[in-house]
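To start, the structure under review is shown below, and the notes come after it.
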Amino acid sequence: MEKVDRLQKEVVKAILRDSDNRGKKKKAGTMTLFDVKADEAVEYAKEKLRLPADSESARKLMLSKICESLECAKPWERMGETYLGRWAFYEYRLKFIRLVAQKLDMTTLANERA
């Protein structure tokens, strides 16, 4: 499994924090190529992340909590109901970051050689 480095985490957090601005740009028709790729990467990660949810509403809640945690730098302890324990929440959050980084081709050369 690929390791997530500090810079990848920071880029993914910045992408999520900027989602409101991308929404405004989308309405105005001024999105850049990076904005489009960032939106695609986030949607890809949301779609591909496998969560232990029986219902779609539980899955949506878990995804929203993961995204909120990354956007607002909120720890699990302040998230309210996540349907996940602390350890599992952070594991799925890391998987989400990996998926976004993978979609944006932010993998390291060491991971590609392995």
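Numbering starts fresh at 1 for the residues of each chain in the structure tokens, the chains themselves are lettered A, B, ... in the order given, and ligands are numbered from 1 as they appear.
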So that I can see what lies close to Arg17 in chain A, please list as a CSV table (one decimal) with all heavy atoms, in the first residue's frame the residues with an atom at most 12 Å from it, counting only C-alpha atoms and leaving out residues fewer than 3 positions away in the same chain.
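Printed below is selection27.csv as written:
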```csv
chain,number,residue,atom,x,y,z
A,10,GLU,N,-1.1,17.8,2.8
A,10,GLU,CA,-1.4,19.2,2.8
A,10,GLU,C,-2.1,19.6,1.5
A,10,GLU,O,-2.9,20.5,1.5
A,10,GLU,CB,0.0,20.0,3.0
A,10,GLU,CG,0.6,19.8,4.4
A,10,GLU,CD,-0.4,20.2,5.5
A,10,GLU,OE1,-1.0,21.3,5.4
A,10,GLU,OE2,-0.5,19.5,6.5
A,11,VAL,N,-1.7,19.1,0.4
A,11,VAL,CA,-2.3,19.4,-0.9
A,11,VAL,C,-3.8,19.0,-0.9
A,11,VAL,O,-4.7,19.8,-1.3
A,11,VAL,CB,-1.6,18.8,-2.1
A,11,VAL,CG1,-2.4,18.9,-3.4
A,11,VAL,CG2,-0.2,19.4,-2.2
A,12,VAL,N,-4.1,17.8,-0.4
A,12,VAL,CA,-5.4,17.3,-0.4
A,12,VAL,C,-6.3,18.2,0.6
A,12,VAL,O,-7.4,18.5,0.3
A,12,VAL,CB,-5.5,15.8,0.0
A,12,VAL,CG1,-6.9,15.3,0.2
A,12,VAL,CG2,-4.8,15.0,-1.1
A,13,LYS,N,-5.7,18.5,1.7
A,13,LYS,CA,-6.4,19.4,2.7
A,13,LYS,C,-6.7,20.7,2.0
A,13,LYS,O,-7.8,21.3,2.2
A,13,LYS,CB,-5.6,19.6,4.0
A,13,LYS,CG,-5.6,18.4,4.9
A,13,LYS,CD,-4.7,18.6,6.1
A,13,LYS,CE,-4.5,17.4,6.9
A,13,LYS,NZ,-3.7,17.7,8.1
A,14,ALA,N,-5.8,21.3,1.3
A,14,ALA,CA,-6.0,22.6,0.7
A,14,ALA,C,-7.0,22.5,-0.4
A,14,ALA,O,-7.9,23.4,-0.6
A,14,ALA,CB,-4.6,23.1,0.1
A,20,ASP,N,-15.3,25.6,-1.8
A,20,ASP,CA,-16.3,26.6,-1.9
A,20,ASP,C,-15.9,27.6,-3.0
A,20,ASP,O,-16.8,28.0,-3.8
A,20,ASP,CB,-16.5,27.4,-0.6
A,20,ASP,CG,-17.2,26.6,0.5
A,20,ASP,OD1,-17.9,25.7,0.1
A,20,ASP,OD2,-17.0,27.0,1.7
A,21,ASN,N,-14.6,27.9,-3.1
A,21,ASN,CA,-14.2,28.8,-4.2
A,21,ASN,C,-14.3,28.2,-5.5
A,21,ASN,O,-14.7,28.9,-6.5
A,21,ASN,CB,-12.7,29.2,-3.9
A,21,ASN,CG,-12.5,30.2,-2.8
A,21,ASN,OD1,-13.5,30.9,-2.5
A,21,ASN,ND2,-11.4,30.2,-2.2
A,22,ARG,N,-14.1,26.9,-5.6
A,22,ARG,CA,-14.2,26.2,-6.9
A,22,ARG,C,-15.7,26.2,-7.3
A,22,ARG,O,-16.0,26.3,-8.5
A,22,ARG,CB,-13.7,24.7,-6.8
A,22,ARG,CG,-12.2,24.7,-7.0
A,22,ARG,CD,-11.7,23.3,-7.3
A,22,ARG,NE,-12.2,22.3,-6.4
A,22,ARG,CZ,-11.7,22.0,-5.2
A,22,ARG,NH1,-10.7,22.7,-4.7
A,22,ARG,NH2,-12.3,21.1,-4.4
A,23,GLY,N,-16.6,26.1,-6.3
A,23,GLY,CA,-18.0,26.1,-6.6
A,23,GLY,C,-18.4,27.5,-7.2
A,23,GLY,O,-19.2,27.6,-8.2
A,38,ALA,N,-9.1,18.8,-9.6
A,38,ALA,CA,-9.3,18.7,-8.2
A,38,ALA,C,-10.7,18.2,-7.9
A,38,ALA,O,-10.8,17.3,-7.1
A,38,ALA,CB,-9.0,20.0,-7.5
A,39,ASP,N,-11.7,18.7,-8.5
A,39,ASP,CA,-13.0,18.2,-8.3
A,39,ASP,C,-13.2,16.8,-8.7
A,39,ASP,O,-13.8,16.0,-8.0
A,39,ASP,CB,-14.0,19.1,-9.1
A,39,ASP,CG,-14.5,20.3,-8.4
A,39,ASP,OD1,-14.2,20.5,-7.2
A,39,ASP,OD2,-15.1,21.2,-9.1
A,42,VAL,N,-11.6,14.5,-6.0
A,42,VAL,CA,-12.4,14.4,-4.8
A,42,VAL,C,-13.6,13.5,-5.1
A,42,VAL,O,-13.9,12.6,-4.3
A,42,VAL,CB,-12.8,15.8,-4.3
A,42,VAL,CG1,-13.8,15.6,-3.2
A,42,VAL,CG2,-11.6,16.6,-3.8
A,67,CYS,N,-14.5,14.4,5.0
A,67,CYS,CA,-14.2,15.7,4.3
A,67,CYS,C,-14.2,16.9,5.2
A,67,CYS,O,-13.3,17.7,5.1
A,67,CYS,CB,-15.2,15.9,3.1
A,67,CYS,SG,-15.0,14.7,1.8
A,68,GLU,N,-15.1,16.9,6.1
A,68,GLU,CA,-15.2,18.0,7.1
A,68,GLU,C,-13.9,18.0,8.0
A,68,GLU,O,-13.3,19.1,8.3
A,68,GLU,CB,-16.4,17.8,8.0
A,68,GLU,CG,-16.5,18.9,9.0
A,68,GLU,CD,-17.7,18.7,10.0
A,68,GLU,OE1,-18.6,17.8,9.7
A,68,GLU,OE2,-17.8,19.4,11.0
A,69,SER,N,-13.4,16.8,8.4
A,69,SER,CA,-12.2,16.7,9.2
A,69,SER,C,-11.0,17.3,8.4
A,69,SER,O,-10.2,18.0,9.0
A,69,SER,CB,-12.0,15.3,9.6
A,69,SER,OG,-10.7,15.1,10.2
A,70,LEU,N,-10.9,17.0,7.1
A,70,LEU,CA,-9.8,17.5,6.3
A,70,LEU,C,-10.0,19.0,6.0
A,70,LEU,O,-9.0,19.7,6.1
A,70,LEU,CB,-9.7,16.7,5.0
A,70,LEU,CG,-9.3,15.2,5.2
A,70,LEU,CD1,-9.5,14.5,3.9
A,70,LEU,CD2,-7.8,15.2,5.6
A,71,GLU,N,-11.2,19.4,5.7
A,71,GLU,CA,-11.4,20.8,5.4
A,71,GLU,C,-11.1,21.8,6.6
A,71,GLU,O,-10.5,22.8,6.5
A,71,GLU,CB,-12.8,21.1,5.0
A,71,GLU,CG,-13.2,20.6,3.6
A,71,GLU,CD,-14.7,20.8,3.3
A,71,GLU,OE1,-15.3,21.8,3.7
A,71,GLU,OE2,-15.3,19.9,2.7
A,72,CYS,N,-11.6,21.4,7.7
A,72,CYS,CA,-11.6,22.2,8.9
A,72,CYS,C,-10.5,21.9,9.9
A,72,CYS,O,-10.5,22.5,11.0
A,72,CYS,CB,-13.0,22.2,9.6
A,72,CYS,SG,-14.3,22.6,8.5
A,73,ALA,N,-9.7,20.9,9.6
A,73,ALA,CA,-8.7,20.4,10.5
A,73,ALA,C,-9.3,20.0,11.9
A,73,ALA,O,-8.8,20.3,13.0
A,73,ALA,CB,-7.6,21.4,10.7
```
For this session: Excluding Trp76 in chain A and residues on its chain fewer than 6 positions from it, collect all residues at most 12 Å away from it, counting only C-alpha atoms, and give them as a VMD selection string.
Result: chain A and resid 62 65 to 70 82 to 93
Quick one: write out the picked residues with C-alpha atoms as a short mmCIF file (atom, residue, chain, number, x, y, z; two decimals), in the first residue's frame?
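Contents of the output file out03.cif:
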```cif
data_model
loop_
_atom_site.label_atom_id
_atom_site.label_comp_id
_atom_site.auth_asym_id
_atom_site.auth_seq_id
_atom_site.Cartn_x
_atom_site.Cartn_y
_atom_site.Cartn_z
CA MET A 62 -19.05 9.01 6.95
CA LYS A 65 -17.29 13.68 8.25
CA ILE A 66 -14.01 12.64 6.59
CA CYS A 67 -14.17 15.65 4.26
CA GLU A 68 -15.16 17.99 7.11
CA SER A 69 -12.24 16.73 9.17
CA LEU A 70 -9.82 17.49 6.34
CA THR A 82 -19.09 9.37 12.57
CA TYR A 83 -20.22 5.71 12.79
CA LEU A 84 -16.51 4.90 13.06
CA GLY A 85 -14.15 4.49 15.96
CA ARG A 86 -11.14 6.78 16.24
CA TRP A 87 -8.62 4.39 14.68
CA ALA A 88 -10.94 3.38 11.81
CA PHE A 89 -11.84 7.03 11.10
CA TYR A 90 -8.20 8.00 10.63
CA GLU A 91 -7.49 4.90 8.54
CA TYR A 92 -10.35 5.72 6.15
CA ARG A 93 -9.28 9.36 6.09
#
```
For this session: Name the residues of chain A that fall into helix (DSSP H, G or I) according to DSSP on the backbone, using the chain letters and numbers of this document, as a ChimeraX atom specification.
Result: /A:6-17,19-28,33-48,56-72,76-78,86-103,109-113
Problem set entry | Option closest in space to Gln102 in chain A, from A:Lys25, A:Gly80, A:Asp18, A:Ala41 [counting only C-alpha atoms] |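 Comparing A:Lys25, A:Gly80, A:Asp18, A:Ala41 against Gln102 in chain A, the winner is A:Ala41.
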Problem set entry | range 43-52 of chain A surroundings by only C-alpha atoms, 7 Å radius, close-in-sequence under 2 positions cut, as a ChimeraX atom specification | /A:39-41,54,59,63,96,99-100
Selection to disk with N, CA, C and O atoms, as a short mmCIF file (atom, residue, chain, number, x, y, z; two decimals), in the first residue's frame:
```cif
data_model
loop_
_atom_site.label_atom_id
_atom_site.label_comp_id
_atom_site.auth_asym_id
_atom_site.auth_seq_id
_atom_site.Cartn_x
_atom_site.Cartn_y
_atom_site.Cartn_z
N ASP A 39 -11.67 18.72 -8.54
CA ASP A 39 -13.05 18.25 -8.34
C ASP A 39 -13.19 16.78 -8.73
O ASP A 39 -13.82 16.00 -8.03
N GLU A 40 -12.59 16.42 -9.87
CA GLU A 40 -12.65 15.03 -10.32
C GLU A 40 -11.97 14.10 -9.33
O GLU A 40 -12.46 13.00 -9.06
N ALA A 41 -10.85 14.52 -8.77
CA ALA A 41 -10.11 13.69 -7.82
C ALA A 41 -10.91 13.47 -6.54
O ALA A 41 -10.96 12.36 -6.01
N ASP A 54 -23.87 -0.04 5.78
CA ASP A 54 -24.97 -0.84 5.24
C ASP A 54 -25.92 -0.02 4.38
O ASP A 54 -26.58 -0.56 3.50
N ARG A 59 -23.14 5.89 4.61
CA ARG A 59 -21.93 6.11 3.81
C ARG A 59 -21.73 7.60 3.55
O ARG A 59 -20.63 8.13 3.67
N LEU A 63 -18.53 9.89 4.74
CA LEU A 63 -17.76 10.67 3.78
C LEU A 63 -17.77 12.16 4.13
O LEU A 63 -16.74 12.84 4.05
N PHE A 96 -8.73 7.94 1.90
CA PHE A 96 -9.34 9.00 1.08
C PHE A 96 -8.25 9.90 0.50
O PHE A 96 -8.25 10.21 -0.69
N LEU A 99 -6.41 8.14 -2.30
CA LEU A 99 -7.19 8.10 -3.54
C LEU A 99 -7.14 9.43 -4.28
O LEU A 99 -6.99 9.46 -5.51
N VAL A 100 -7.26 10.53 -3.56
CA VAL A 100 -7.17 11.85 -4.20
C VAL A 100 -5.77 12.04 -4.78
O VAL A 100 -5.62 12.46 -5.94
#
```
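Comparing the minimum interatomic distances between Lys37 in chain A and each of A:Ser64, A:Ile15, A:Val4, A:Pro75, counting only C-alpha atoms, we find that A:Ile15 sits nearest.
CA of Ala101 in chain A is found 23.6 Å from CA of Ala53 in chain A.
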For this session: Between CA of Leu104 in chain A and CA of Asp5 in chain A, measure the distance and give it in Å to one decimal.
Result: 14.3 Å
